[in-house]
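To be precise, the following lines are protein_7.tsv, and they hold TSV, C-alpha atoms.
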chain	number	residue	atom	x	y	z
M	256	MET	CA	-45.58	9.37	-10.60
M	257	GLY	CA	-43.76	11.10	-7.80
M	258	GLU	CA	-43.47	10.96	-4.07
M	259	SER	CA	-45.85	12.98	-1.94
M	260	ASP	CA	-44.38	15.62	0.28
M	261	ALA	CA	-45.42	16.30	3.88
M	262	THR	CA	-48.29	18.51	2.74
M	263	GLY	CA	-49.77	15.77	0.55
M	264	GLY	CA	-48.69	17.44	-2.71
M	265	MET	CA	-46.31	16.07	-5.27
M	266	SER	CA	-42.63	16.61	-4.58
M	267	THR	CA	-40.39	18.30	-7.09
M	268	PRO	CA	-38.59	15.70	-9.18
M	269	ARG	CA	-34.80	15.61	-8.95
M	270	SER	CA	-34.43	13.92	-12.33
M	271	VAL	CA	-36.56	13.84	-15.47
M	272	ALA	CA	-36.18	11.82	-18.66
M	273	PHE	CA	-37.52	13.65	-21.70
M	274	VAL	CA	-38.51	10.78	-23.99
M	275	GLY	CA	-39.22	11.41	-27.66
M	276	ALA	CA	-42.19	9.54	-29.08
M	277	THR	CA	-40.56	9.62	-32.51
M	278	GLY	CA	-37.26	10.64	-34.00
M	279	GLY	CA	-37.18	14.35	-34.79
M	280	ALA	CA	-39.67	15.23	-32.06
M	281	GLY	CA	-37.53	18.12	-30.82
M	282	THR	CA	-36.60	16.42	-27.56
M	283	THR	CA	-33.02	17.72	-27.44
M	284	ARG	CA	-34.04	21.33	-27.95
M	285	LEU	CA	-36.80	21.03	-25.36
M	286	VAL	CA	-34.36	19.58	-22.82
M	287	VAL	CA	-31.85	22.40	-23.38
M	288	GLU	CA	-34.53	25.09	-23.18
M	289	THR	CA	-36.00	23.55	-20.02
M	290	ALA	CA	-32.54	23.45	-18.45
M	291	ALA	CA	-32.03	27.14	-19.30
M	292	VAL	CA	-35.39	28.09	-17.76
M	293	LEU	CA	-34.56	26.15	-14.58
M	294	ALA	CA	-31.15	27.84	-14.41
M	295	ARG	CA	-32.80	31.25	-14.72
M	296	THR	CA	-34.78	30.40	-11.59
M	297	GLY	CA	-31.57	29.70	-9.70
M	298	ARG	CA	-31.24	25.95	-10.13
M	299	ASP	CA	-28.07	24.12	-11.09
M	300	VAL	CA	-29.01	21.66	-13.84
M	301	ALA	CA	-27.13	18.74	-15.38
M	302	VAL	CA	-28.18	17.36	-18.78
M	303	PHE	CA	-27.19	13.92	-20.08
M	304	ASP	CA	-27.43	12.69	-23.65
M	305	ALA	CA	-28.90	9.22	-24.16
M	306	ALA	CA	-29.55	9.91	-27.86
M	307	PHE	CA	-26.28	8.38	-29.03
M	308	ALA	CA	-27.39	7.92	-32.64
M	309	THR	CA	-28.08	11.59	-33.31
M	310	GLN	CA	-25.62	13.17	-30.85
M	311	GLY	CA	-27.76	16.32	-31.01
M	312	LEU	CA	-26.77	17.69	-27.61
M	313	ALA	CA	-23.18	18.06	-28.89
M	314	GLN	CA	-24.42	20.78	-31.28
M	315	TYR	CA	-24.99	23.04	-28.27
M	316	VAL	CA	-21.38	22.74	-27.11
M	317	PRO	CA	-18.93	24.93	-29.01
M	318	GLY	CA	-15.45	23.59	-29.50
M	319	ARG	CA	-13.96	20.26	-28.62
M	320	ILE	CA	-15.63	17.69	-26.36
M	321	ASP	CA	-12.84	15.83	-24.56
M	322	VAL	CA	-14.94	13.45	-22.49
M	323	ASP	CA	-18.38	12.58	-23.82
M	324	ALA	CA	-21.29	10.52	-22.48
M	325	THR	CA	-20.13	7.32	-24.17
M	326	ARG	CA	-16.69	7.50	-22.56
M	327	LEU	CA	-18.27	8.28	-19.19
M	328	LEU	CA	-20.41	5.15	-19.42
M	329	ALA	CA	-17.74	2.82	-20.82
M	330	ASP	CA	-14.86	3.88	-18.55
M	331	GLU	CA	-15.43	3.54	-14.80
M	332	ASP	CA	-12.35	5.69	-14.13
M	333	VAL	CA	-14.13	8.74	-15.63
M	334	ALA	CA	-16.13	10.75	-13.10
M	335	PRO	CA	-19.35	12.55	-14.07
M	336	SER	CA	-17.65	15.86	-13.29
M	337	ASP	CA	-15.03	15.06	-15.97
M	338	ALA	CA	-17.74	14.72	-18.61
M	339	LEU	CA	-19.96	17.68	-17.74
M	340	VAL	CA	-19.33	20.87	-19.73
M	341	ASP	CA	-20.72	24.25	-18.68
M	342	LEU	CA	-23.24	25.50	-21.20
M	343	ASP	CA	-23.77	29.19	-21.89
M	344	CYS	CA	-27.53	29.56	-22.09
M	345	ASP	CA	-27.52	33.35	-22.23
M	346	LEU	CA	-28.76	33.42	-18.66
M	347	ALA	CA	-28.09	37.15	-18.53
M	348	ASP	CA	-31.08	37.60	-20.85
M	349	ALA	CA	-33.50	36.84	-18.01
M	350	PRO	CA	-35.58	40.03	-17.66
M	351	GLY	CA	-34.60	41.98	-14.57
M	352	ALA	CA	-32.90	39.07	-12.83
M	353	GLU	CA	-29.37	38.10	-12.03
M	354	PRO	CA	-28.80	34.53	-13.17
M	355	THR	CA	-27.92	32.37	-10.22
M	356	GLY	CA	-28.17	28.88	-11.67
M	357	SER	CA	-26.10	26.97	-14.18
M	358	VAL	CA	-26.39	24.31	-16.87
M	359	ALA	CA	-23.80	21.59	-17.37
M	360	VAL	CA	-24.21	19.10	-20.21
M	361	CYS	CA	-22.77	15.70	-21.00
M	362	PRO	CA	-23.24	15.21	-24.75
M	363	ALA	CA	-22.52	12.12	-26.81
M	364	ARG	CA	-19.88	12.78	-29.45
M	365	ALA	CA	-18.15	9.56	-30.41
M	366	THR	CA	-17.18	7.13	-33.12
M	367	PHE	CA	-19.28	4.09	-33.96
M	368	THR	CA	-16.96	1.83	-31.97
M	369	GLU	CA	-17.20	4.06	-28.90
M	370	LEU	CA	-20.99	4.18	-29.27
M	371	ALA	CA	-21.15	0.39	-29.27
M	372	GLY	CA	-19.10	0.23	-26.06
M	373	ALA	CA	-21.56	2.57	-24.33
M	374	LYS	CA	-24.60	0.48	-25.25
M	375	THR	CA	-23.72	-2.59	-23.16
M	376	THR	CA	-25.67	-3.69	-20.11
M	377	ASP	CA	-22.70	-2.73	-17.89
M	378	ALA	CA	-22.68	0.76	-19.39
M	379	ALA	CA	-26.45	1.02	-18.84
M	380	GLU	CA	-26.02	0.12	-15.18
M	381	ARG	CA	-23.34	2.78	-14.92
M	382	PHE	CA	-25.70	5.29	-16.58
M	383	GLU	CA	-28.27	4.65	-13.86
M	384	ALA	CA	-25.65	5.15	-11.16
M	385	VAL	CA	-24.32	8.33	-12.81
M	386	VAL	CA	-27.80	9.88	-13.06
M	387	ARG	CA	-28.53	9.13	-9.40
M	388	GLU	CA	-25.10	10.35	-8.24
M	389	THR	CA	-25.43	13.54	-10.25
M	390	ALA	CA	-28.92	14.19	-8.85
M	391	ASP	CA	-27.27	14.45	-5.44
M	392	ALA	CA	-24.84	17.11	-6.70
M	393	PHE	CA	-27.26	19.21	-8.80
M	394	ASP	CA	-30.72	20.62	-8.20
M	395	CYS	CA	-32.05	18.79	-11.22
M	396	VAL	CA	-30.88	16.24	-13.80
M	397	LEU	CA	-32.49	16.09	-17.24
M	398	VAL	CA	-31.88	13.29	-19.74
M	399	ASP	CA	-32.43	13.53	-23.50
M	400	VAL	CA	-33.90	10.16	-24.53
M	401	PRO	CA	-35.03	9.13	-28.03
M	402	PRO	CA	-37.77	6.51	-28.48
M	403	VAL	CA	-36.88	3.73	-25.99
M	404	ALA	CA	-35.08	1.03	-27.96
M	405	ALA	CA	-31.63	0.42	-26.42
M	406	ASN	CA	-29.92	-0.22	-23.09
M	407	GLN	CA	-29.01	3.42	-22.46
M	408	HIS	CA	-32.63	4.48	-23.05
M	409	VAL	CA	-33.85	1.89	-20.56
M	410	ALA	CA	-31.26	3.08	-18.02
M	411	ALA	CA	-32.28	6.71	-18.49
M	412	THR	CA	-35.96	5.99	-17.91
M	413	THR	CA	-35.47	3.71	-14.92
M	414	ALA	CA	-32.96	6.01	-13.18
M	415	THR	CA	-35.10	9.15	-13.32
M	416	ASP	CA	-37.91	10.24	-11.00
M	417	ARG	CA	-40.26	11.42	-13.74
M	418	HIS	CA	-40.79	11.11	-17.47
M	419	ALA	CA	-41.92	13.74	-19.95
M	420	LEU	CA	-43.10	12.41	-23.28
M	421	VAL	CA	-42.25	14.63	-26.22
M	422	ALA	CA	-44.68	14.21	-29.08
M	423	PRO	CA	-45.23	16.89	-31.71
M	424	ASP	CA	-48.73	17.30	-33.03
M	425	GLY	CA	-49.48	14.93	-35.88
M	426	GLN	CA	-50.45	11.41	-36.85
M	427	ARG	CA	-46.90	10.06	-36.60
M	428	SER	CA	-46.68	10.97	-32.91
M	429	ALA	CA	-50.24	9.85	-32.26
M	430	ASP	CA	-49.35	6.44	-33.69
M	431	ALA	CA	-46.11	6.22	-31.66
M	432	LEU	CA	-47.48	7.26	-28.23
M	433	PRO	CA	-49.26	3.97	-27.39
M	434	ARG	CA	-46.07	2.03	-28.17
M	435	LEU	CA	-44.04	4.39	-25.98
M	436	HIS	CA	-46.54	4.07	-23.11
M	437	ASP	CA	-46.30	0.27	-23.43
M	438	ARG	CA	-42.50	0.37	-23.32
M	439	LEU	CA	-42.49	2.57	-20.25
M	440	ALA	CA	-45.03	0.25	-18.59
M	441	ASP	CA	-42.76	-2.71	-19.38
M	442	LEU	CA	-40.04	-0.87	-17.44
M	443	ASP	CA	-42.36	0.01	-14.55
M	444	ALA	CA	-41.73	3.65	-15.43
M	445	ASP	CA	-44.80	5.83	-15.09
M	446	ALA	CA	-45.63	8.03	-18.04
M	447	PRO	CA	-47.51	11.31	-17.67
M	448	GLY	CA	-51.20	10.55	-17.23
M	449	ASP	CA	-50.59	7.15	-15.57
Show this structure as C-alpha cells.
Amino acid sequence: MGESDATGGMSTPRSVAFVGATGGAGTTRLVVETAAVLARTGRDVAVFDAAFATQGLAQYVPGRIDVDATRLLADEDVAPSDALVDLDCDLADAPGAEPTGSVAVCPARATFTELAGAKTTDAAERFEAVVRETADAFDCVLVDVPPVAANQHVAATTATDRHALVAPDGQRSADALPRLHDRLADLDADAPGD
C-alpha cells in the first residue's frame, strides 16, 4: 500500500484518492474535512475534484470559479496554480493553536461540453501529471473520486499513493464495495486491507 521508510514503518502518503463506493457516500465532505484537519496540523493541502458529474467541491468555494478542474485538464496552457483556489476552512477555530497550513481546492464547475472535453484519455493523462506535480509543491494532495467509472477516476486512482474507500454503513455500500475493490485491482491500485 505504501513505501516503507528507513525504520521499516509505512511512509506518509503524499497523495490520497478518496473513492466513494456509491454516489452520495459523503466523499466530498470527508475530503474537505480531512484537508482542514491536515491544515490545522501545519500541512499545505491541495484538493482536486474528479467528481465531474456532481461538482460538489464547487459548493465549498464562494463566488466565481474562473478556472476549474475541467479546464485545467483540457487546456495544457493552464497551470495547476491557476486552477487552485484558497479555501477558508476556519483554521482559526483550532483550539489553542495558530493555523500554519492551508487548503487550496480545484473544483469542477463546467458546462456539459466542457465536462466532455475533460473526460478524454489525454485529459486523464494530464490529470495524473497534475496530481504528481502538485504533490511536489504541497505537503499532501487529496482527490475526490466518485465510484470509478470514467477516465478521470482511473487517472485519480493511478496517480495517487494511497486510496481511502468511502462507504457509509448500509446494504447499498456493502453491495458496492466488492465491485470497487475489483475495479481498483484491475488498475493495480491497492485498496485499504489489500
Self-check item: Nearest candidate to M:Val300 (options M:Asp424, M:Asp330, M:Asp394, M:Asp399; using all atoms listed in the file)
Solution: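 Nearest candidate to M:Val300 out of M:Asp424, M:Asp330, M:Asp394, M:Asp399: M:Asp394.
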Quiz item: So how many Å separate atom CA of M:Thr296 and atom CA of M:Gln314, to one decimal?
Solution: 24.2 Å
Self-check item: Point-to-point distance from atom CA of M:Asp337 to atom CA of M:Phe393, Å rounded to tenths
Solution: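 About the pair atom CA of M:Asp337 and atom CA of M:Phe393: they are 14.8 Å apart.
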Practice problem: Kindly give the distance, in Å, that separates atom CA of M:Glu369 and atom CA of M:Ala305, rounded to a single decimal. | Solution: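 Atom CA of M:Glu369 sits 13.6 Å away from atom CA of M:Ala305.
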Quiz prompt | Who sits within 7 Å of M:Val396, all atoms listed in the file, same chain under 6 positions skipped, as a list of chain:residue names | solution =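 What passes the distance filter is M:Arg269, M:Ser270, M:Val271, M:Val300, M:Ala301, M:Val302, M:Ala390.
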